[in-house]
file coords_23.cif (mmCIF, C-alpha atoms and all ligand atoms)
data_start
loop_
_atom_site.label_atom_id
_atom_site.label_comp_id
_atom_site.auth_asym_id
_atom_site.auth_seq_id
_atom_site.Cartn_x
_atom_site.Cartn_y
_atom_site.Cartn_z
CA MET G 30 43.63 25.55 -3.02
CA ARG G 31 40.91 27.46 -4.80
CA VAL G 32 37.64 26.65 -3.04
CA VAL G 33 34.18 27.61 -4.25
CA VAL G 34 31.53 27.82 -1.53
CA ILE G 35 27.94 27.74 -2.77
CA GLY G 36 25.58 29.35 -0.25
CA ALA G 37 28.47 31.05 1.53
CA THR G 38 26.87 33.63 3.81
CA GLY G 39 24.51 31.52 5.97
CA HIS G 40 24.94 29.62 9.25
CA ILE G 41 27.76 27.40 8.03
CA GLY G 42 29.38 29.74 5.50
CA SER G 43 29.71 32.56 8.06
CA TYR G 44 32.20 30.35 9.91
CA LEU G 45 33.54 28.28 7.02
CA VAL G 46 34.65 31.07 4.69
CA PRO G 47 36.87 32.82 7.30
CA ARG G 48 38.28 29.41 8.32
CA LEU G 49 39.21 28.63 4.71
CA VAL G 50 40.84 32.04 4.21
CA ARG G 51 42.86 31.61 7.40
CA ALA G 52 43.94 28.15 6.22
CA GLY G 53 45.42 29.84 3.14
CA HIS G 54 42.79 28.92 0.55
CA GLU G 55 41.59 31.21 -2.22
CA VAL G 56 37.85 31.42 -1.66
CA ILE G 57 35.10 32.24 -4.12
CA ALA G 58 31.86 32.77 -2.17
CA LEU G 59 28.55 32.44 -4.01
CA ALA G 60 25.12 33.61 -2.83
CA ARG G 61 22.25 35.66 -4.20
CA GLY G 62 23.47 38.65 -2.18
CA GLN G 63 20.33 38.94 -0.07
CA ARG G 64 22.15 38.78 3.27
CA GLU G 65 25.47 39.39 4.93
CA PRO G 66 27.39 36.76 6.93
CA TYR G 67 26.25 36.44 10.56
CA HIS G 68 29.51 37.85 11.89
CA PRO G 69 31.80 40.48 10.43
CA ASP G 70 35.28 39.07 9.85
CA PRO G 71 38.23 40.76 8.15
CA ALA G 72 38.86 37.51 6.26
CA TRP G 73 35.92 38.39 3.97
CA GLN G 74 38.05 41.17 2.46
CA GLN G 75 40.18 38.46 0.84
CA VAL G 76 37.19 36.62 -0.60
CA LYS G 77 35.84 36.99 -4.11
CA ARG G 78 32.08 37.29 -3.64
CA GLU G 79 29.78 36.57 -6.57
CA ARG G 80 26.03 36.97 -6.83
CA VAL G 81 24.42 33.85 -8.22
CA ASP G 82 20.92 32.42 -7.99
CA ARG G 83 21.54 28.70 -8.02
CA ASP G 84 17.88 27.82 -8.56
CA ALA G 85 17.59 30.11 -11.59
CA GLU G 86 20.86 28.86 -13.07
CA ASP G 87 19.91 25.22 -12.38
CA ALA G 88 16.66 25.81 -14.26
CA ALA G 89 18.57 27.40 -17.13
CA GLY G 90 21.05 24.51 -17.11
CA THR G 91 24.03 26.86 -16.68
CA PHE G 92 24.95 26.40 -13.02
CA GLY G 93 27.23 23.36 -13.40
CA THR G 94 29.17 24.95 -16.26
CA ARG G 95 29.61 28.14 -14.22
CA ILE G 96 31.05 26.23 -11.26
CA ALA G 97 33.30 24.05 -13.44
CA GLY G 98 34.62 27.27 -15.00
CA TYR G 99 36.15 28.35 -11.70
CA GLN G 100 38.62 25.43 -12.00
CA ALA G 101 38.52 24.98 -8.22
CA GLY G 102 40.30 22.28 -6.25
CA ALA G 103 37.16 21.89 -4.17
CA VAL G 104 33.52 22.92 -4.33
CA VAL G 105 31.56 23.12 -1.08
CA ASP G 106 27.86 22.87 -1.87
CA LEU G 107 25.77 24.12 1.04
CA VAL G 108 22.48 24.67 -0.81
CA CYS G 109 21.62 21.62 -2.89
CA PHE G 110 18.21 20.09 -2.27
CA THR G 111 17.41 17.89 -5.29
CA GLU G 112 19.13 15.03 -7.05
CA ASP G 113 18.79 16.87 -10.39
CA SER G 114 20.66 19.82 -8.97
CA ALA G 115 23.41 17.56 -7.57
CA ARG G 116 23.63 15.69 -10.87
CA GLN G 117 24.06 18.86 -12.89
CA LEU G 118 26.93 19.93 -10.68
CA ALA G 119 28.68 16.55 -10.42
CA GLU G 120 28.46 15.96 -14.18
CA ALA G 121 29.88 19.40 -14.93
CA LEU G 122 32.79 18.83 -12.52
CA ARG G 123 33.61 15.39 -13.92
CA GLY G 124 37.26 15.19 -14.96
CA ASN G 125 37.93 18.67 -13.55
CA GLY G 126 39.98 17.45 -10.61
CA SER G 127 37.57 19.11 -8.15
CA LEU G 128 36.43 17.49 -4.92
CA LEU G 129 32.72 18.04 -4.32
CA LEU G 130 31.76 18.41 -0.66
CA HIS G 131 27.99 18.29 -0.20
CA CYS G 132 26.13 19.42 2.92
CA GLY G 133 23.60 16.77 3.85
CA THR G 134 21.42 16.30 6.90
CA ILE G 135 20.86 13.70 9.59
CA TRP G 136 17.26 13.65 8.26
CA VAL G 137 18.53 11.11 5.69
CA HIS G 138 17.84 8.74 8.57
CA GLY G 139 14.24 8.13 9.52
CA PRO G 140 13.41 6.43 12.82
CA LEU G 141 16.46 4.75 14.31
CA ALA G 142 16.68 1.17 15.53
CA ALA G 143 19.79 1.55 17.71
CA VAL G 144 21.61 4.62 18.94
CA PRO G 145 23.96 6.29 18.48
CA ALA G 146 23.39 5.47 14.82
CA THR G 147 26.30 5.09 12.43
CA GLU G 148 26.29 6.28 8.83
CA ASP G 149 25.86 2.78 7.41
CA VAL G 150 22.68 1.67 9.20
CA HIS G 151 19.52 0.80 7.29
CA ARG G 152 17.61 4.00 6.55
CA GLU G 153 13.96 4.80 6.16
CA PRO G 154 13.89 8.57 5.60
CA PHE G 155 10.51 10.27 5.65
CA GLY G 156 9.42 13.74 4.57
CA GLU G 157 10.29 15.39 1.25
CA TYR G 158 13.49 17.02 2.53
CA GLY G 159 15.06 13.92 4.10
CA ILE G 160 14.10 11.68 1.17
CA ALA G 161 15.57 14.13 -1.35
CA LYS G 162 18.80 14.51 0.66
CA ALA G 163 19.13 10.70 0.90
CA ALA G 164 18.72 10.46 -2.89
CA ILE G 165 21.40 13.13 -3.39
CA GLU G 166 23.79 11.28 -1.11
CA ALA G 167 23.20 7.95 -2.85
CA TYR G 168 23.73 9.55 -6.26
CA LEU G 169 26.88 11.49 -5.30
CA LEU G 170 28.61 8.63 -3.53
CA ASP G 171 27.71 6.05 -6.20
CA GLN G 172 29.01 8.19 -9.02
CA ALA G 173 32.17 8.99 -7.01
CA LEU G 174 32.87 5.29 -6.39
CA ASP G 175 32.19 4.68 -10.10
CA GLY G 176 35.00 6.98 -11.25
CA GLY G 177 32.91 10.18 -11.44
CA THR G 178 33.52 13.41 -9.54
CA PRO G 179 35.13 12.73 -6.14
CA ALA G 180 32.49 13.54 -3.55
CA THR G 181 32.05 13.54 0.22
CA VAL G 182 28.80 14.16 2.10
CA LEU G 183 28.67 15.73 5.56
CA HIS G 184 25.36 15.27 7.40
CA ALA G 185 24.71 18.14 9.82
CA GLY G 186 22.42 18.02 12.86
CA HIS G 187 20.31 20.94 14.17
CA ILE G 188 22.63 23.85 13.48
CA VAL G 189 23.00 26.38 16.30
CA GLY G 190 25.10 29.43 17.04
CA PRO G 191 24.77 33.10 17.90
CA GLY G 192 22.63 34.92 15.35
CA TRP G 193 19.52 32.75 15.06
CA PRO G 194 17.18 30.83 17.41
CA PRO G 195 18.11 27.23 18.23
CA CYS G 196 15.64 24.35 18.42
CA ASN G 197 14.34 24.60 22.00
CA PRO G 198 13.76 21.94 24.71
CA ALA G 199 10.21 21.37 23.42
CA GLY G 200 11.64 20.56 19.97
CA ASN G 201 10.43 23.71 18.20
CA PHE G 202 11.38 27.36 17.73
CA ASP G 203 9.03 29.08 20.22
CA LEU G 204 11.40 31.49 21.98
CA ASP G 205 9.09 31.73 24.97
CA VAL G 206 9.98 28.18 25.97
CA PHE G 207 13.38 29.60 26.94
CA GLY G 208 11.62 32.58 28.52
CA ALA G 209 9.25 30.44 30.60
CA ILE G 210 12.12 28.31 31.89
CA ALA G 211 14.11 31.46 32.77
CA ARG G 212 11.10 32.94 34.62
CA GLY G 213 10.81 29.75 36.68
CA GLU G 214 7.47 28.75 35.13
CA GLU G 215 6.40 25.18 34.58
CA ILE G 216 6.74 24.00 30.99
CA ALA G 217 5.06 21.05 29.32
CA LEU G 218 7.00 18.51 27.28
CA PRO G 219 5.56 15.84 25.00
CA ASN G 220 5.50 12.22 26.13
CA PHE G 221 8.12 11.55 28.82
CA GLY G 222 10.55 14.17 27.50
CA LEU G 223 12.86 11.34 26.55
CA GLU G 224 12.88 11.89 22.81
CA THR G 225 16.07 13.43 21.48
CA LEU G 226 17.56 16.34 19.58
CA HIS G 227 21.04 16.37 18.12
CA HIS G 228 22.45 19.86 17.75
CA VAL G 229 25.76 21.03 16.36
CA HIS G 230 27.45 24.42 16.43
CA ALA G 231 27.70 25.96 12.94
CA ASP G 232 31.41 26.45 13.52
CA ASP G 233 31.78 22.72 14.10
CA VAL G 234 30.03 22.00 10.80
CA ALA G 235 32.53 24.43 9.27
CA GLN G 236 35.34 22.59 11.09
CA ALA G 237 34.23 19.32 9.48
CA PHE G 238 34.19 20.84 5.99
CA GLU G 239 37.66 22.28 6.53
CA LEU G 240 38.92 18.87 7.70
CA ALA G 241 37.28 17.10 4.78
CA LEU G 242 39.17 19.41 2.43
CA SER G 243 42.51 18.73 4.03
CA ARG G 244 42.02 14.96 4.36
CA PRO G 245 39.87 14.12 1.33
CA VAL G 246 37.88 10.88 1.58
CA SER G 247 35.83 10.46 -1.57
CA GLY G 248 32.77 8.22 -1.68
CA GLU G 249 32.03 8.53 2.05
CA SER G 250 29.50 10.29 4.25
CA PHE G 251 29.96 11.52 7.81
CA HIS G 252 27.66 12.60 10.61
CA VAL G 253 28.53 16.10 11.75
CA VAL G 254 26.83 16.63 15.10
CA SER G 255 27.90 17.23 18.70
CA PRO G 256 29.37 14.31 20.68
CA GLN G 257 26.00 13.48 22.31
CA ALA G 258 22.33 14.05 21.59
CA LEU G 259 20.12 15.56 24.31
CA THR G 260 16.78 14.35 25.63
CA LEU G 261 14.16 17.08 25.79
CA ARG G 262 14.01 16.88 29.59
CA GLY G 263 17.80 16.89 29.94
CA TYR G 264 18.00 19.95 27.72
CA ALA G 265 15.21 21.71 29.66
CA ALA G 266 16.92 20.98 32.98
CA ALA G 267 20.22 22.37 31.67
CA VAL G 268 18.55 25.59 30.48
CA ALA G 269 16.88 25.99 33.88
CA GLY G 270 20.30 25.62 35.51
CA TRP G 271 21.73 28.36 33.29
CA PHE G 272 19.17 30.72 34.81
CA GLY G 273 19.73 29.47 38.37
CA ARG G 274 16.38 27.64 38.39
CA GLU G 275 15.24 24.14 39.19
CA PRO G 276 13.47 22.62 36.17
CA ARG G 277 9.65 22.60 36.50
CA LEU G 278 8.43 20.09 33.96
CA ARG G 279 5.15 18.35 33.29
CA PHE G 280 4.49 15.73 30.70
CA ALA G 281 1.59 14.80 28.44
CA SER G 282 1.11 12.49 25.49
CA PHE G 283 2.06 14.25 22.26
CA GLU G 284 -1.59 14.58 21.18
CA ARG G 285 -2.62 16.09 24.54
CA TRP G 286 0.44 18.32 24.65
CA ALA G 287 -0.19 19.59 21.10
CA GLN G 288 -3.71 20.79 22.03
CA ASP G 289 -2.14 23.64 24.04
CA VAL G 290 0.54 24.56 21.51
CA ASP G 291 0.46 26.70 18.38
CA PRO G 292 0.04 24.21 15.47
CA THR G 293 3.18 25.44 13.70
CA HIS G 294 5.28 24.76 16.79
CA ALA G 295 3.51 21.44 17.43
CA ASN G 296 4.22 20.29 13.85
CA THR G 297 7.88 21.26 14.20
CA THR G 298 8.11 19.31 17.46
CA TRP G 299 6.49 16.30 15.82
CA GLU G 300 9.04 16.36 13.02
CA HIS G 301 11.91 16.54 15.50
CA ILE G 302 10.73 13.87 17.91
CA ALA G 303 9.53 11.54 15.15
CA HIS G 304 13.16 11.49 14.06
CA SER G 305 14.64 11.64 17.59
CA PRO G 306 18.14 11.78 16.15
CA CYS G 307 21.10 10.39 18.04
CA MET G 308 24.06 10.01 15.75
CA SER G 309 27.53 8.59 16.14
CA ILE G 310 30.44 10.86 15.21
CA GLU G 311 33.01 8.11 15.58
CA LYS G 312 33.66 7.93 11.82
CA ALA G 313 34.27 11.68 11.51
CA ARG G 314 36.35 11.67 14.67
CA THR G 315 38.64 8.84 13.59
CA THR G 316 38.81 9.59 9.83
CA LEU G 317 38.81 13.38 9.80
CA GLY G 318 39.92 14.30 13.32
CA TYR G 319 36.58 16.02 13.95
CA ALA G 320 36.31 17.40 17.52
CA PRO G 321 33.08 19.33 18.11
CA ARG G 322 31.73 21.24 21.12
CA SER G 323 29.06 19.64 23.28
CA SER G 324 25.42 20.38 22.46
CA LEU G 325 25.01 22.30 25.71
CA ARG G 326 28.06 24.45 25.11
CA ALA G 327 26.82 25.31 21.61
CA LEU G 328 23.27 25.95 22.87
CA ARG G 329 24.37 28.14 25.74
CA GLU G 330 26.12 30.39 23.21
CA SER G 331 22.88 30.62 21.23
CA VAL G 332 20.71 31.30 24.26
CA SER G 333 23.14 33.93 25.59
CA TRP G 334 22.90 35.68 22.25
CA LEU G 335 19.08 35.57 22.32
CA VAL G 336 19.06 37.08 25.82
CA GLU G 337 21.60 39.77 24.89
CA GLN G 338 19.44 40.70 21.92
CA GLY G 339 16.34 40.99 24.12
CA ARG G 340 14.67 38.25 22.07
CA VAL G 341 13.64 36.26 25.17
CA ASP G 342 11.52 37.58 28.04
CA THR G 343 13.48 36.19 31.00
CA GLY G 344 11.54 38.28 33.52
CA GLY G 345 14.80 40.07 34.28
CA ARG G 346 16.62 36.84 35.10
CA ALA G 347 20.21 36.68 33.82
CA LEU G 348 22.25 33.65 32.85
CA VAL G 349 24.42 32.53 35.76
N1 LIG N 401 19.80 24.70 9.42
C1 LIG N 401 19.89 23.50 9.96
O1 LIG N 401 19.61 23.27 11.15
C2 LIG N 401 20.38 22.36 9.10
C3 LIG N 401 20.40 21.06 9.63
C4 LIG N 401 20.92 20.03 8.88
C5 LIG N 401 21.40 20.25 7.60
N2 LIG N 401 21.34 21.52 7.08
C6 LIG N 401 21.85 21.73 5.73
O2 LIG N 401 22.63 22.90 5.73
C7 LIG N 401 22.61 23.48 4.44
C8 LIG N 401 22.28 24.93 4.57
O3 LIG N 401 23.36 25.56 5.21
P1 LIG N 401 23.12 26.83 6.13
O4 LIG N 401 22.26 26.42 7.29
O5 LIG N 401 24.44 27.45 6.35
O6 LIG N 401 22.22 27.72 5.15
P2 LIG N 401 21.49 29.09 5.45
O7 LIG N 401 21.88 29.66 6.77
O8 LIG N 401 20.05 28.90 5.12
O9 LIG N 401 22.15 30.03 4.32
C9 LIG N 401 21.93 29.77 2.96
C10 LIG N 401 23.03 30.41 2.16
O10 LIG N 401 22.80 30.14 0.78
C11 LIG N 401 22.51 31.33 0.08
N3 LIG N 401 21.44 30.99 -0.85
C12 LIG N 401 20.16 30.69 -0.56
N4 LIG N 401 19.49 30.40 -1.69
C13 LIG N 401 20.37 30.54 -2.71
C14 LIG N 401 20.28 30.39 -4.12
N5 LIG N 401 19.13 30.06 -4.73
N6 LIG N 401 21.38 30.60 -4.87
C15 LIG N 401 22.55 30.95 -4.28
N7 LIG N 401 22.71 31.11 -2.96
C16 LIG N 401 21.62 30.90 -2.17
C17 LIG N 401 22.15 32.35 1.14
O11 LIG N 401 22.45 33.69 0.79
P3 LIG N 401 21.39 34.55 -0.09
O12 LIG N 401 20.08 34.48 0.63
O13 LIG N 401 22.00 35.92 -0.10
O14 LIG N 401 21.37 33.91 -1.43
C18 LIG N 401 23.09 31.91 2.26
O15 LIG N 401 24.40 32.34 1.95
C19 LIG N 401 21.57 22.73 3.64
O16 LIG N 401 22.21 21.85 2.76
C20 LIG N 401 20.77 21.99 4.70
O17 LIG N 401 20.23 20.79 4.18
C21 LIG N 401 20.85 22.57 7.80
#
call {"tool": "encode", "arguments": {"input": "coords_23.cif", "output": "structure tokens", "more": "lines below"}}
Ligand SMILES: NC(=O)c1ccc[n+]([C@@H]2O[C@H](COP(=O)([O-])OP(=O)(O)OC[C@H]3O[C@@H](n4cnc5c(N)ncnc54)[C@H](OP(=O)(O)O)[C@@H]3O)[C@@H](O)[C@H]2O)c1
result
Amino acid sequence: MRVVVIGATGHIGSYLVPRLVRAGHEVIALARGQREPYHPDPAWQQVKRERVDRDAEDAAGTFGTRIAGYQAGAVVDLVCFTEDSARQLAEALRGNGSLLLHCGTIWVHGPLAAVPATEDVHREPFGEYGIAKAAIEAYLLDQALDGGTPATVLHAGHIVGPGWPPCNPAGNFDLDVFGAIARGEEIALPNFGLETLHHVHADDVAQAFELALSRPVSGESFHVVSPQALTLRGYAAAVAGWFGREPRLRFASFERWAQDVDPTHANTTWEHIAHSPCMSIEKARTTLGYAPRSSLRALRESVSWLVEQGRVDTGGRALV
């Protein structure tokens, strides 16, 4: 099948494009050309790479026509953030025979009433990003069920993998949280450390897209996360164990905790724990055959990479 991947060289695309090539697809990879994939892979030699600025072409009203012109069996859209942008693409693909696979986010859910949450629970998204992604999903699935462009939405969790920092046990991106744990220092966590994060390895997101291509299910959305979310304290204890340490944790109400934390990191933590995602993957598992790594396995790969790169001051402590 000819497959167009929009936003092909980032976290997901770096794994997805080689997977699609190896599965025998003809891949057209679109990006602005400002970065290379995270990992070199000979499969990229078989890929047609095109430089495109989706935002500029959306504004000019030419992006949808460009994509429809590729006459692809499937279009994987990894960088769509507004309903207008989704609409332009879906309308251009209408009647083309293309399946549109959109990358969503678990942020389409706001606070959860029961966990693990399934795709069909009542949603109250908050924040511009989650609200916009929920609107995209509603638009794409409604038009698909109404005879428009076949569309499937895959909602990723916190994407991790070697090459970039993962969300840490304090729910933010301060690399020294990993460092402090490795050095055996006490770290502070907000509240009781019982709020949750739900990571997923980028290669498992790629796995889900590959599966959704081979077993198309139009008009449906799927959570694409690891099998189980982690509590902050459980995550911190696991990281301590990786460095042969006992976890040294103290707890404070979020407001008290935030007083000692850089405001950018504190805001990021707030956003993560206010969502406290914990998603069910049962639908993806049973419908698509999705089988992801555990959060801790994915995170250990990320943390190993950070240590190898000298990005974390472990005080000389190695991973055991
Ligand atoms: N990161 C997370 O933890 C997370 C969590 C949940 C859901 N998601 C979803 O994942 C998707 C993003 O996937 P990702 O994490 O793989 O992305 P990413 O790592 O940020 O990579 C973005 C890709 O898109 C390209 N790109 C960026 N702006 C572009 C533009 N205007 N026109 C054309 N190409 C453009 C980039 O290359 P150039 O810079 O060279 O153009 C790159 O190939 C989004 O839909 C997001 O909502 C992410």
call {"tool": "axis_aligned_box", "arguments": {"input": "coords_23.cif", "around": "ligand LIG 401 (chain N)", "padding_each_side": "4 Å", "output": "AutoDock Vina command-line options"}}
result
--center_x 21.8 --center_y 28.0 --center_z 3.1 --size_x 13.3 --size_y 23.9 --size_z 24.0
call {"tool": "closest_atom_pairs", "arguments": {"input": "coords_23.cif", "of": "chain G", "to": "ligand LIG 401 (chain N)", "cutoff": "7 Å", "atoms": "all atoms listed in the file", "output": "JSON lines"}}
result
{"residue": "G:Ile35", "atom": "CA", "partner": "N:LIG401", "partner_atom": "N7", "distance": 6.2}
{"residue": "G:Gly36", "atom": "CA", "partner": "N:LIG401", "partner_atom": "O10", "distance": 3.1}
{"residue": "G:Ala37", "atom": "CA", "partner": "N:LIG401", "partner_atom": "O15", "distance": 4.3}
{"residue": "G:Thr38", "atom": "CA", "partner": "N:LIG401", "partner_atom": "O15", "distance": 3.4}
{"residue": "G:Gly39", "atom": "CA", "partner": "N:LIG401", "partner_atom": "O9", "distance": 3.2}
{"residue": "G:His40", "atom": "CA", "partner": "N:LIG401", "partner_atom": "O5", "distance": 3.7}
{"residue": "G:Ile41", "atom": "CA", "partner": "N:LIG401", "partner_atom": "O5", "distance": 3.7}
{"residue": "G:Gly42", "atom": "CA", "partner": "N:LIG401", "partner_atom": "O5", "distance": 5.5}
{"residue": "G:Leu59", "atom": "CA", "partner": "N:LIG401", "partner_atom": "N7", "distance": 6.1}
{"residue": "G:Ala60", "atom": "CA", "partner": "N:LIG401", "partner_atom": "N7", "distance": 3.5}
{"residue": "G:Arg61", "atom": "CA", "partner": "N:LIG401", "partner_atom": "O14", "distance": 3.4}
{"residue": "G:Gly62", "atom": "CA", "partner": "N:LIG401", "partner_atom": "O13", "distance": 3.7}
{"residue": "G:Gln63", "atom": "CA", "partner": "N:LIG401", "partner_atom": "O13", "distance": 3.5}
{"residue": "G:Arg64", "atom": "CA", "partner": "N:LIG401", "partner_atom": "O13", "distance": 4.4}
{"residue": "G:Val81", "atom": "CA", "partner": "N:LIG401", "partner_atom": "C15", "distance": 5.2}
{"residue": "G:Asp82", "atom": "CA", "partner": "N:LIG401", "partner_atom": "N6", "distance": 3.6}
{"residue": "G:Arg83", "atom": "CA", "partner": "N:LIG401", "partner_atom": "N6", "distance": 3.7}
{"residue": "G:Asp84", "atom": "CA", "partner": "N:LIG401", "partner_atom": "N5", "distance": 4.6}
{"residue": "G:Leu107", "atom": "CA", "partner": "N:LIG401", "partner_atom": "O16", "distance": 4.6}
{"residue": "G:Val108", "atom": "CA", "partner": "N:LIG401", "partner_atom": "O16", "distance": 4.6}
{"residue": "G:Cys109", "atom": "CA", "partner": "N:LIG401", "partner_atom": "O16", "distance": 5.7}
{"residue": "G:Phe110", "atom": "CA", "partner": "N:LIG401", "partner_atom": "O16", "distance": 6.7}
{"residue": "G:Cys132", "atom": "CA", "partner": "N:LIG401", "partner_atom": "O16", "distance": 4.6}
{"residue": "G:Gly133", "atom": "CA", "partner": "N:LIG401", "partner_atom": "O17", "distance": 5.3}
{"residue": "G:Thr134", "atom": "CA", "partner": "N:LIG401", "partner_atom": "C5", "distance": 4.0}
{"residue": "G:Ile135", "atom": "CA", "partner": "N:LIG401", "partner_atom": "C4", "distance": 6.4}
{"residue": "G:His184", "atom": "CA", "partner": "N:LIG401", "partner_atom": "C5", "distance": 6.4}
{"residue": "G:Ala185", "atom": "CA", "partner": "N:LIG401", "partner_atom": "C4", "distance": 4.3}
{"residue": "G:Gly186", "atom": "CA", "partner": "N:LIG401", "partner_atom": "C4", "distance": 4.7}
{"residue": "G:His187", "atom": "CA", "partner": "N:LIG401", "partner_atom": "O1", "distance": 3.9}
{"residue": "G:Ile188", "atom": "CA", "partner": "N:LIG401", "partner_atom": "O1", "distance": 3.9}
{"residue": "G:Val189", "atom": "CA", "partner": "N:LIG401", "partner_atom": "O1", "distance": 6.9}
call {"tool": "closest_atom_pairs", "arguments": {"input": "coords_23.cif", "of": "range 142-248 of chain G", "to": "range 325-333 of chain G", "cutoff": "7 Å", "atoms": "all atoms listed in the file", "output": "JSON lines"}}
result
{"residue": "G:Val189", "atom": "CA", "partner": "G:Ser331", "partner_atom": "CA", "distance": 6.5}
{"residue": "G:Gly190", "atom": "CA", "partner": "G:Ser331", "partner_atom": "CA", "distance": 4.9}
{"residue": "G:Pro191", "atom": "CA", "partner": "G:Ser331", "partner_atom": "CA", "distance": 4.6}
{"residue": "G:Pro194", "atom": "CA", "partner": "G:Ser331", "partner_atom": "CA", "distance": 6.9}
{"residue": "G:Pro195", "atom": "CA", "partner": "G:Ser331", "partner_atom": "CA", "distance": 6.6}
{"residue": "G:Val229", "atom": "CA", "partner": "G:Ala327", "partner_atom": "CA", "distance": 6.9}
{"residue": "G:His230", "atom": "CA", "partner": "G:Ala327", "partner_atom": "CA", "distance": 5.3}
call {"tool": "atom_distance", "arguments": {"input": "coords_23.cif", "atom1": "CA of Leu129 in chain G", "atom2": "CA of Ala103 in chain G"}}
result
5.9 Å
call {"tool": "residues_around", "arguments": {"input": "coords_23.cif", "residues": "Gly345 in chain G", "least_positions_apart": "5", "cutoff": "10 Å", "atoms": "all atoms listed in the file", "output": "PyMOL selection string"}}
result
chain G and resi 208+211-212+336
call {"tool": "atom_distance", "arguments": {"input": "coords_23.cif", "atom1": "CA of Ala121 in chain G", "atom2": "CA of Ala101 in chain G"}}
result
12.3 Å
call {"tool": "atom_distance", "arguments": {"input": "coords_23.cif", "atom1": "CA of His138 in chain G", "atom2": "CA of Glu166 in chain G"}}
result
11.6 Å
call {"tool": "residues_around", "arguments": {"input": "coords_23.cif", "residues": "Thr260 in chain G", "least_positions_apart": "6", "cutoff": "7 Å", "atoms": "only C-alpha atoms", "output": "number ranges by chain"}}
result
G: 222-226
call {"tool": "closest_residue", "arguments": {"input": "coords_23.cif", "among": "G:Val144, G:Leu49, G:Val206, G:Ile160", "to": "Met30 in chain G", "atoms": "all atoms listed in the file"}}
result
G:Leu49
